[in-house]
Amino acid sequence: MDKSYKVFLNEKDIPRQWYNLAADLPGTLNPPLGPDGNPVSPDMLAPVFPMNLIEQEVSTQRWIDIPEGVLELLYRWRPSPLVRARHLEKALNTPARIYYKNESVSPAGSHKPNTAVAQAWYNKEFGVKKLVTETGAGQWGTALAFACSLLGLECKVFMVRISFDQKPYRKLMMHAYGANCVASPSNETQAGRDILEKYPDTPGSLGIAISEAIEEAVSEPGGKARYSLGSVLNHVMLHQTIIGLEAKKQLALVNEKKVDVVIGCAGGGSNFAGISFPFVSDKIHGADIDIIPVEPASCPTLTRAPFHYDHGDTAEMTPLLAMHSLGHGFIPPPIHAGGLRYHGISPLISHSVNEGLMRPEALQQLECYEAALLFAQTEGLIVAPETSHAVAQTIREAYRAREEGKEKVILFNLSGHGFLDLTGYEKYLNGELTNHSLSDEDLNRFTESLKKYPAPKTSKVQTG
Ligand SMILES: Cc1ncc(COP(=O)(O)O)c(C=O)c1O
């Protein structure tokens with residue numbers, strides 16, 4: 001019997017292609033729509049993204065080669081370890097075998113650099129000189145700042161006000177990588193000024209920060225800048241599949257032939273897509289796998305929000321995407337899992353949920369922090385508050401395996417460490433945090449705006 005704690009892949013065995021779930025999903029995906037209600041053409045996206053990434057965004061090719069130049073950037077920390085959480089298993093007295101993919105080992109401390117280095121590389125190839133983005137918890141901004149520094153690109157980050165105030169060290173990391181980071185809403189864009197005029201004390205939101213970043217990217221003189229998004233879009237999900245593809249190879253090294261449960265926390269959906277999409281492919285082809293995206297009860301996009309066309313940002317600058325959405329005017333409560341506060345989620349994940357390929361869950365923050373502390377006290381690592389949602393669901397599934405008396409294999413994605421999120425832990429330990437669920441009243445109020453957009457056509461499920 002295998003006694004490993006950690007499973008490493010040789011660098012030479014790193015996956016050389018990304019997996020594109022769009023090639024295998026049943027049903028027809030609803031295309032992004034432009035302001036006239038017609039599908040957007042690649043040319044319409046050209047001021048915002050470089051054409052080589054737009055091609056990936058619309059691709060239905062199953063496997064896409066990872067360029068050698070991107071692999072060389074990824075080798076700085078990849079392949080990431082797969083770890084068997086034996087100490088947690090023992091504490092839970094479960095027959096389940098729990099594995100986690102440790103994405104906290106990247107220089108920025110999370111999975112986000114997997115797509116940041118790829119996006120920066122493709123932009124550089126296309127001749128772009130500056131990337132502009134938004135960040136919620138600060139992880140994505142740090143990742144893009146890191147990637148731009150490796151490739152000599154200028155980087156500007158609009159950081160959601162509440163995180164900017166709560167996480168000064170993330171801002172400092174971005175500065176250390178040479179990026180410029182400002183609080184959003186800011187006075188530097190029309191979108192920011194409009195919001196500040198209406199709501200001077202707003203904590204900000206990812207939707208507002210996205211509007212600001214797109215505005216700045218498209219108004220840069222000479223078309224030298226582009227916008228970069230850290231989640232939600234198809235090409236971002238694609239870049240993250242290296243996580244699940246590596247995990248499959250590592251599980252094979254320790255003779256695990258079947259995975260029963262795959263878990264990841266879900267904000268815009270990228271780390272969850274990364275760990276799960278290669279397994280969704282197996283499920284489409286007949287495997288029996290429970291695939292669980294986990295979100296906060298205060299921002300219940302997949303579990304309660306309608307499936308509808310909506311903008312990805314507050315100022316309505318992005319195309320309309322078919323996704324589960326709480327409405328682009330959603331202002332989330334200031335829970336500590338900043339990266340899970342987005343109003344929408346990846347269209348590929350939304351479609352997979354509608355097709356019954358995934359089983360979303362929504363958890364309260366107190367259960368998540370309690371789970372994160374047990375994880376820290378057994379396995380040792382203090383995880384990001386976002387990741388704590390995956391840990392809490394893993395613990396639920398391990399208990400379920402115990403009740404059922406089944407030796408299940410559970411795989412979860414450890415999307416990031418929490419070393420710069422200790423304020424949340426402090427509040428939890430001081431008893432200052434409470435549970436919070438989105439009320440039906442607020443859900444109805446925020447989703448009212450969706451009615452003016454077309455309903456997606458082809459999905460089996462119309463509401464969350
Ligand atoms: C550590 C960590 N995990 C998860 C997320 C959620 O993003 P996504 O759903 O795109 O993986 C974030 C976002 O900032 C994050 O920082």
# chains A, B, ... in the order shown; residues from 1 in each chain; ligands from 1
>>> residues_near_ligand(ligand="ligand 1", cutoff="8 Å", atoms="only C-alpha atoms and all ligand atoms", output="ChimeraX atom specification")
/A:104,109-112,135-140,230-232,265-273,338-340,345,383-387,414-418
>>> residues_around(residues="region 203-217 of chain A", least_positions_apart="3", cutoff="6 Å", atoms="only C-alpha atoms", output="list in words")
Val132, Thr133, Glu134, Gly136, Phe158, Val160, Arg161, Ile162, Ser184, Pro185, Thr189, Ala191, Glu220, Ala225, Arg226, Tyr227, Asp313, Thr314 and Ala315 of chain A
>>> closest_residue(among="A:Ala91, A:Ala23, A:Pro15, A:Pro39", to="Glu68 (chain A)", atoms="only C-alpha atoms")
A:Pro15
>>> closest_residue(among="A:Ala390, A:Tyr369, A:Tyr199, A:Lys224", to="Leu429 (chain A)", atoms="only C-alpha atoms")
A:Tyr369
>>> select_by_dssp(residues="region 179-411 of chain A", states="helix (DSSP H, G or I)", output="ChimeraX atom specification")
/A:190-198,206-218,221-223,234-240,242-253,270-284,301-304,338-340,347-354,365-378,385-404
>>> atom_distance(atom1="CA of Ile410 (chain A)", atom2="CA of Arg78 (chain A)")
22.0 Å
>>> closest_residue(among="A:Asp442, A:Gln377, A:Asp201, A:Thr28", to="Asn354 (chain A)", atoms="only C-alpha atoms")
A:Thr28
>>> closest_residue(among="A:Ser80, A:Gly69, A:Ser106, A:Lys90", to="Tyr122 (chain A)", atoms="only C-alpha atoms")
A:Gly69
>>> atom_distance(atom1="CA of Met51 (chain A)", atom2="CA of Gly223 (chain A)")
13.1 Å
>>> residues_around(residues="Ser276 (chain A)", least_positions_apart="3", cutoff="10 Å", atoms="only C-alpha atoms", output="PyMOL selection string")
chain A and resi 240-241+243-245+247+261-264+270-273+279-282+291-293+349+358+411-413
>>> write_last_selection(atoms="C-alpha atoms", output="tab-separated table (two decimals), in the first residue's frame")
chain	number	residue	atom	x	y	z
A	240	GLN	CA	-6.05	26.68	-15.05
A	241	THR	CA	-6.72	23.12	-16.28
A	243	ILE	CA	-3.99	21.92	-12.08
A	244	GLY	CA	-6.38	19.01	-12.70
A	245	LEU	CA	-4.22	17.52	-15.46
A	247	ALA	CA	-3.38	15.98	-10.35
A	261	VAL	CA	-15.38	13.63	-5.14
A	262	VAL	CA	-13.71	16.77	-6.58
A	263	ILE	CA	-14.05	20.03	-4.67
A	264	GLY	CA	-12.99	23.66	-5.18
A	270	SER	CA	-11.11	29.61	-12.23
A	271	ASN	CA	-9.44	27.44	-9.57
A	272	PHE	CA	-12.49	25.21	-9.45
A	273	ALA	CA	-12.42	24.88	-13.25
A	279	PHE	CA	-12.68	15.22	-14.29
A	280	VAL	CA	-15.85	16.74	-15.82
A	281	SER	CA	-14.60	15.25	-19.07
A	282	ASP	CA	-14.47	11.83	-17.39
A	291	ILE	CA	-18.01	17.52	-8.61
A	292	ILE	CA	-18.69	20.30	-6.11
A	293	PRO	CA	-18.10	24.05	-6.50
A	349	ILE	CA	-19.35	26.32	-15.05
A	358	MET	CA	-21.70	19.67	-10.98
A	411	LEU	CA	-9.62	15.61	-4.13
A	412	PHE	CA	-9.74	19.32	-3.37
A	413	ASN	CA	-7.90	22.34	-4.64
>>> closest_atom_pairs(of="region 353-380 of chain A", to="region 430-435 of chain A", cutoff="9 Å", atoms="only C-alpha atoms", output="tab-separated table")
residue	atom	partner	partner_atom	distance
A:Gln364	CA	A:Asn435	CA	5.6
A:Gln365	CA	A:Asn435	CA	5.9
A:Leu366	CA	A:Asn435	CA	6.2
A:Glu367	CA	A:Asn435	CA	8.8
>>> closest_residue(among="A:Val157, A:Ile98, A:Leu151, A:Ala85", to="Glu125 (chain A)", atoms="only C-alpha atoms")
A:Leu151
>>> residues_around(residues="Lys283 (chain A)", least_positions_apart="2", cutoff="12 Å", atoms="only C-alpha atoms", output="number ranges by chain")
A: 21, 24-26, 258-262, 276-281, 285-291, 352, 355-358
>>> closest_residue(among="A:Pro35, A:Thr394, A:Leu92, A:Lys171", to="Thr318 (chain A)", atoms="only C-alpha atoms")
A:Pro35
>>> residues_around(residues="region 93-96 of chain A", least_positions_apart="6", cutoff="6 Å", atoms="only C-alpha atoms", output="JSON, numbers by chain")
{"A": [398, 402, 407, 408, 409]}
>>> write_last_selection(atoms="C-alpha atoms", output="PDB file, in the first residue's frame")
ATOM      1  CA  ALA A 398     -15.183  12.944   4.693  1.00  0.00           C
ATOM      2  CA  ARG A 402     -17.583   7.709   7.405  1.00  0.00           C
ATOM      3  CA  GLU A 407     -13.361   4.383   1.284  1.00  0.00           C
ATOM      4  CA  LYS A 408     -13.911   7.371  -0.979  1.00  0.00           C
ATOM      5  CA  VAL A 409     -11.156   9.344  -2.687  1.00  0.00           C
TER       6      VAL A 409
END
>>> select_by_dssp(residues="region 4-143 of chain A", states="strand (DSSP E)", output="number ranges by chain")
A: 6-7, 17-19, 63-65, 82-84, 97-102, 130-135
>>> write_last_selection(atoms="N, CA and C atoms", output="PDB file, in the first residue's frame")
ATOM      1  N   LYS A   6       3.432  13.206   0.014  1.00  0.00           N
ATOM      2  CA  LYS A   6       3.421  14.175  -1.087  1.00  0.00           C
ATOM      3  C   LYS A   6       3.760  13.431  -2.378  1.00  0.00           C
ATOM      4  N   VAL A   7       3.092  13.854  -3.449  1.00  0.00           N
ATOM      5  CA  VAL A   7       3.361  13.231  -4.751  1.00  0.00           C
ATOM      6  C   VAL A   7       3.876  14.315  -5.683  1.00  0.00           C
ATOM      7  N   GLN A  17      -0.342  20.355 -22.838  1.00  0.00           N
ATOM      8  CA  GLN A  17      -1.538  20.916 -23.485  1.00  0.00           C
ATOM      9  C   GLN A  17      -2.553  21.256 -22.398  1.00  0.00           C
ATOM     10  N   TRP A  18      -3.328  22.311 -22.648  1.00  0.00           N
ATOM     11  CA  TRP A  18      -4.458  22.613 -21.768  1.00  0.00           C
ATOM     12  C   TRP A  18      -5.679  21.883 -22.293  1.00  0.00           C
ATOM     13  N   TYR A  19      -6.621  21.599 -21.387  1.00  0.00           N
ATOM     14  CA  TYR A  19      -7.862  20.916 -21.784  1.00  0.00           C
ATOM     15  C   TYR A  19      -9.006  21.936 -21.915  1.00  0.00           C
ATOM     16  N   TRP A  63      -7.824  20.059 -27.158  1.00  0.00           N
ATOM     17  CA  TRP A  63      -6.507  20.222 -26.531  1.00  0.00           C
ATOM     18  C   TRP A  63      -5.785  21.394 -27.178  1.00  0.00           C
ATOM     19  N   ILE A  64      -5.200  22.270 -26.384  1.00  0.00           N
ATOM     20  CA  ILE A  64      -4.495  23.431 -26.925  1.00  0.00           C
ATOM     21  C   ILE A  64      -3.062  23.414 -26.380  1.00  0.00           C
ATOM     22  N   ASP A  65      -2.102  23.440 -27.290  1.00  0.00           N
ATOM     23  CA  ASP A  65      -0.689  23.357 -26.883  1.00  0.00           C
ATOM     24  C   ASP A  65      -0.292  24.514 -25.967  1.00  0.00           C
ATOM     25  N   LEU A  82       1.003  17.343  -5.063  1.00  0.00           N
ATOM     26  CA  LEU A  82      -0.279  16.774  -4.618  1.00  0.00           C
ATOM     27  C   LEU A  82       0.004  16.198  -3.237  1.00  0.00           C
ATOM     28  N   VAL A  83      -0.836  16.514  -2.273  1.00  0.00           N
ATOM     29  CA  VAL A  83      -0.550  16.084  -0.899  1.00  0.00           C
ATOM     30  C   VAL A  83      -1.685  15.208  -0.382  1.00  0.00           C
ATOM     31  N   ARG A  84      -1.331  14.123   0.269  1.00  0.00           N
ATOM     32  CA  ARG A  84      -2.340  13.289   0.948  1.00  0.00           C
ATOM     33  C   ARG A  84      -2.487  13.835   2.365  1.00  0.00           C
ATOM     34  N   ARG A  97      -9.845   8.807   1.608  1.00  0.00           N
ATOM     35  CA  ARG A  97      -8.475   9.266   1.357  1.00  0.00           C
ATOM     36  C   ARG A  97      -8.582  10.660   0.758  1.00  0.00           C
ATOM     37  N   ILE A  98      -7.995  11.634   1.464  1.00  0.00           N
ATOM     38  CA  ILE A  98      -8.151  13.035   1.058  1.00  0.00           C
ATOM     39  C   ILE A  98      -6.841  13.517   0.440  1.00  0.00           C
ATOM     40  N   TYR A  99      -6.937  14.054  -0.761  1.00  0.00           N
ATOM     41  CA  TYR A  99      -5.763  14.630  -1.438  1.00  0.00           C
ATOM     42  C   TYR A  99      -6.041  16.094  -1.723  1.00  0.00           C
ATOM     43  N   TYR A 100      -4.980  16.916  -1.610  1.00  0.00           N
ATOM     44  CA  TYR A 100      -5.164  18.292  -2.073  1.00  0.00           C
ATOM     45  C   TYR A 100      -4.024  18.701  -2.978  1.00  0.00           C
ATOM     46  N   LYS A 101      -4.387  19.519  -3.955  1.00  0.00           N
ATOM     47  CA  LYS A 101      -3.396  20.058  -4.885  1.00  0.00           C
ATOM     48  C   LYS A 101      -2.988  21.396  -4.301  1.00  0.00           C
ATOM     49  N   ASN A 102      -1.692  21.536  -4.018  1.00  0.00           N
ATOM     50  CA  ASN A 102      -1.254  22.731  -3.289  1.00  0.00           C
ATOM     51  C   ASN A 102      -0.812  23.847  -4.234  1.00  0.00           C
ATOM     52  N   LYS A 130       1.256  47.270 -21.988  1.00  0.00           N
ATOM     53  CA  LYS A 130       0.735  47.517 -20.628  1.00  0.00           C
ATOM     54  C   LYS A 130      -0.529  46.693 -20.407  1.00  0.00           C
ATOM     55  N   LEU A 131      -0.659  46.079 -19.234  1.00  0.00           N
ATOM     56  CA  LEU A 131      -1.881  45.361 -18.881  1.00  0.00           C
ATOM     57  C   LEU A 131      -2.578  46.062 -17.730  1.00  0.00           C
ATOM     58  N   VAL A 132      -3.906  46.140 -17.829  1.00  0.00           N
ATOM     59  CA  VAL A 132      -4.705  46.767 -16.772  1.00  0.00           C
ATOM     60  C   VAL A 132      -5.688  45.721 -16.258  1.00  0.00           C
ATOM     61  N   THR A 133      -5.875  45.686 -14.956  1.00  0.00           N
ATOM     62  CA  THR A 133      -6.794  44.696 -14.392  1.00  0.00           C
ATOM     63  C   THR A 133      -7.433  45.212 -13.113  1.00  0.00           C
ATOM     64  N   GLU A 134      -8.316  44.371 -12.558  1.00  0.00           N
ATOM     65  CA  GLU A 134      -8.909  44.649 -11.248  1.00  0.00           C
ATOM     66  C   GLU A 134      -8.485  43.525 -10.311  1.00  0.00           C
ATOM     67  N   THR A 135      -8.633  43.756  -9.022  1.00  0.00           N
ATOM     68  CA  THR A 135      -8.402  42.642  -8.094  1.00  0.00           C
ATOM     69  C   THR A 135      -9.342  42.782  -6.911  1.00  0.00           C
TER      70      THR A 135
END
>>> atom_distance(atom1="CA of Lys457 (chain A)", atom2="CA of Asn30 (chain A)")
6.9 Å
>>> residues_around(residues="Ser325 (chain A)", least_positions_apart="2", cutoff="10 Å", atoms="only C-alpha atoms", output="PyMOL selection string")
chain A and resi 299-302+304-312+321-323+327-328+330+342-346+350+446-447+450+463-464
>>> decode(residues="region 87-106 of chain A", atoms="N, CA and C atoms", output="PDB file, in the first residue's frame")
ATOM      1  N   HIS A  87      -3.072  13.528   8.107  1.00  0.00           N
ATOM      2  CA  HIS A  87      -3.309  13.987   9.492  1.00  0.00           C
ATOM      3  C   HIS A  87      -4.750  14.466   9.656  1.00  0.00           C
ATOM      4  N   LEU A  88      -5.261  15.101   8.620  1.00  0.00           N
ATOM      5  CA  LEU A  88      -6.672  15.524   8.658  1.00  0.00           C
ATOM      6  C   LEU A  88      -7.575  14.284   8.653  1.00  0.00           C
ATOM      7  N   GLU A  89      -7.237  13.317   7.803  1.00  0.00           N
ATOM      8  CA  GLU A  89      -8.036  12.073   7.753  1.00  0.00           C
ATOM      9  C   GLU A  89      -8.126  11.447   9.144  1.00  0.00           C
ATOM     10  N   LYS A  90      -6.968  11.434   9.836  1.00  0.00           N
ATOM     11  CA  LYS A  90      -6.927  10.806  11.161  1.00  0.00           C
ATOM     12  C   LYS A  90      -7.807  11.579  12.140  1.00  0.00           C
ATOM     13  N   ALA A  91      -7.701  12.917  12.099  1.00  0.00           N
ATOM     14  CA  ALA A  91      -8.498  13.735  13.017  1.00  0.00           C
ATOM     15  C   ALA A  91      -9.994  13.540  12.763  1.00  0.00           C
ATOM     16  N   LEU A  92     -10.349  13.277  11.519  1.00  0.00           N
ATOM     17  CA  LEU A  92     -11.768  13.119  11.186  1.00  0.00           C
ATOM     18  C   LEU A  92     -12.225  11.669  11.339  1.00  0.00           C
ATOM     19  N   ASN A  93     -11.267  10.789  11.572  1.00  0.00           N
ATOM     20  CA  ASN A  93     -11.565   9.367  11.699  1.00  0.00           C
ATOM     21  C   ASN A  93     -12.415   8.873  10.519  1.00  0.00           C
ATOM     22  N   THR A  94     -11.932   9.207   9.340  1.00  0.00           N
ATOM     23  CA  THR A  94     -12.704   8.887   8.132  1.00  0.00           C
ATOM     24  C   THR A  94     -12.001   7.807   7.308  1.00  0.00           C
ATOM     25  N   PRO A  95     -12.777   6.945   6.662  1.00  0.00           N
ATOM     26  CA  PRO A  95     -12.152   5.972   5.754  1.00  0.00           C
ATOM     27  C   PRO A  95     -11.754   6.623   4.422  1.00  0.00           C
ATOM     28  N   ALA A  96     -12.153   7.891   4.222  1.00  0.00           N
ATOM     29  CA  ALA A  96     -11.853   8.557   2.948  1.00  0.00           C
ATOM     30  C   ALA A  96     -10.368   8.849   2.835  1.00  0.00           C
ATOM     31  N   ARG A  97      -9.845   8.807   1.608  1.00  0.00           N
ATOM     32  CA  ARG A  97      -8.475   9.266   1.357  1.00  0.00           C
ATOM     33  C   ARG A  97      -8.582  10.660   0.758  1.00  0.00           C
ATOM     34  N   ILE A  98      -7.995  11.634   1.464  1.00  0.00           N
ATOM     35  CA  ILE A  98      -8.151  13.035   1.058  1.00  0.00           C
ATOM     36  C   ILE A  98      -6.841  13.517   0.440  1.00  0.00           C
ATOM     37  N   TYR A  99      -6.937  14.054  -0.761  1.00  0.00           N
ATOM     38  CA  TYR A  99      -5.763  14.630  -1.438  1.00  0.00           C
ATOM     39  C   TYR A  99      -6.041  16.094  -1.723  1.00  0.00           C
ATOM     40  N   TYR A 100      -4.980  16.916  -1.610  1.00  0.00           N
ATOM     41  CA  TYR A 100      -5.164  18.292  -2.073  1.00  0.00           C
ATOM     42  C   TYR A 100      -4.024  18.701  -2.978  1.00  0.00           C
ATOM     43  N   LYS A 101      -4.387  19.519  -3.955  1.00  0.00           N
ATOM     44  CA  LYS A 101      -3.396  20.058  -4.885  1.00  0.00           C
ATOM     45  C   LYS A 101      -2.988  21.396  -4.301  1.00  0.00           C
ATOM     46  N   ASN A 102      -1.692  21.536  -4.018  1.00  0.00           N
ATOM     47  CA  ASN A 102      -1.254  22.731  -3.289  1.00  0.00           C
ATOM     48  C   ASN A 102      -0.812  23.847  -4.234  1.00  0.00           C
ATOM     49  N   GLU A 103      -1.753  24.732  -4.555  1.00  0.00           N
ATOM     50  CA  GLU A 103      -1.458  25.849  -5.456  1.00  0.00           C
ATOM     51  C   GLU A 103      -0.892  27.055  -4.701  1.00  0.00           C
ATOM     52  N   SER A 104      -0.763  26.929  -3.374  1.00  0.00           N
ATOM     53  CA  SER A 104      -0.221  28.054  -2.593  1.00  0.00           C
ATOM     54  C   SER A 104       1.292  28.196  -2.777  1.00  0.00           C
ATOM     55  N   VAL A 105       1.917  27.230  -3.468  1.00  0.00           N
ATOM     56  CA  VAL A 105       3.378  27.285  -3.610  1.00  0.00           C
ATOM     57  C   VAL A 105       3.846  28.252  -4.709  1.00  0.00           C
ATOM     58  N   SER A 106       2.910  28.863  -5.424  1.00  0.00           N
ATOM     59  CA  SER A 106       3.329  29.811  -6.473  1.00  0.00           C
ATOM     60  C   SER A 106       3.877  31.081  -5.811  1.00  0.00           C
TER      61      SER A 106
END
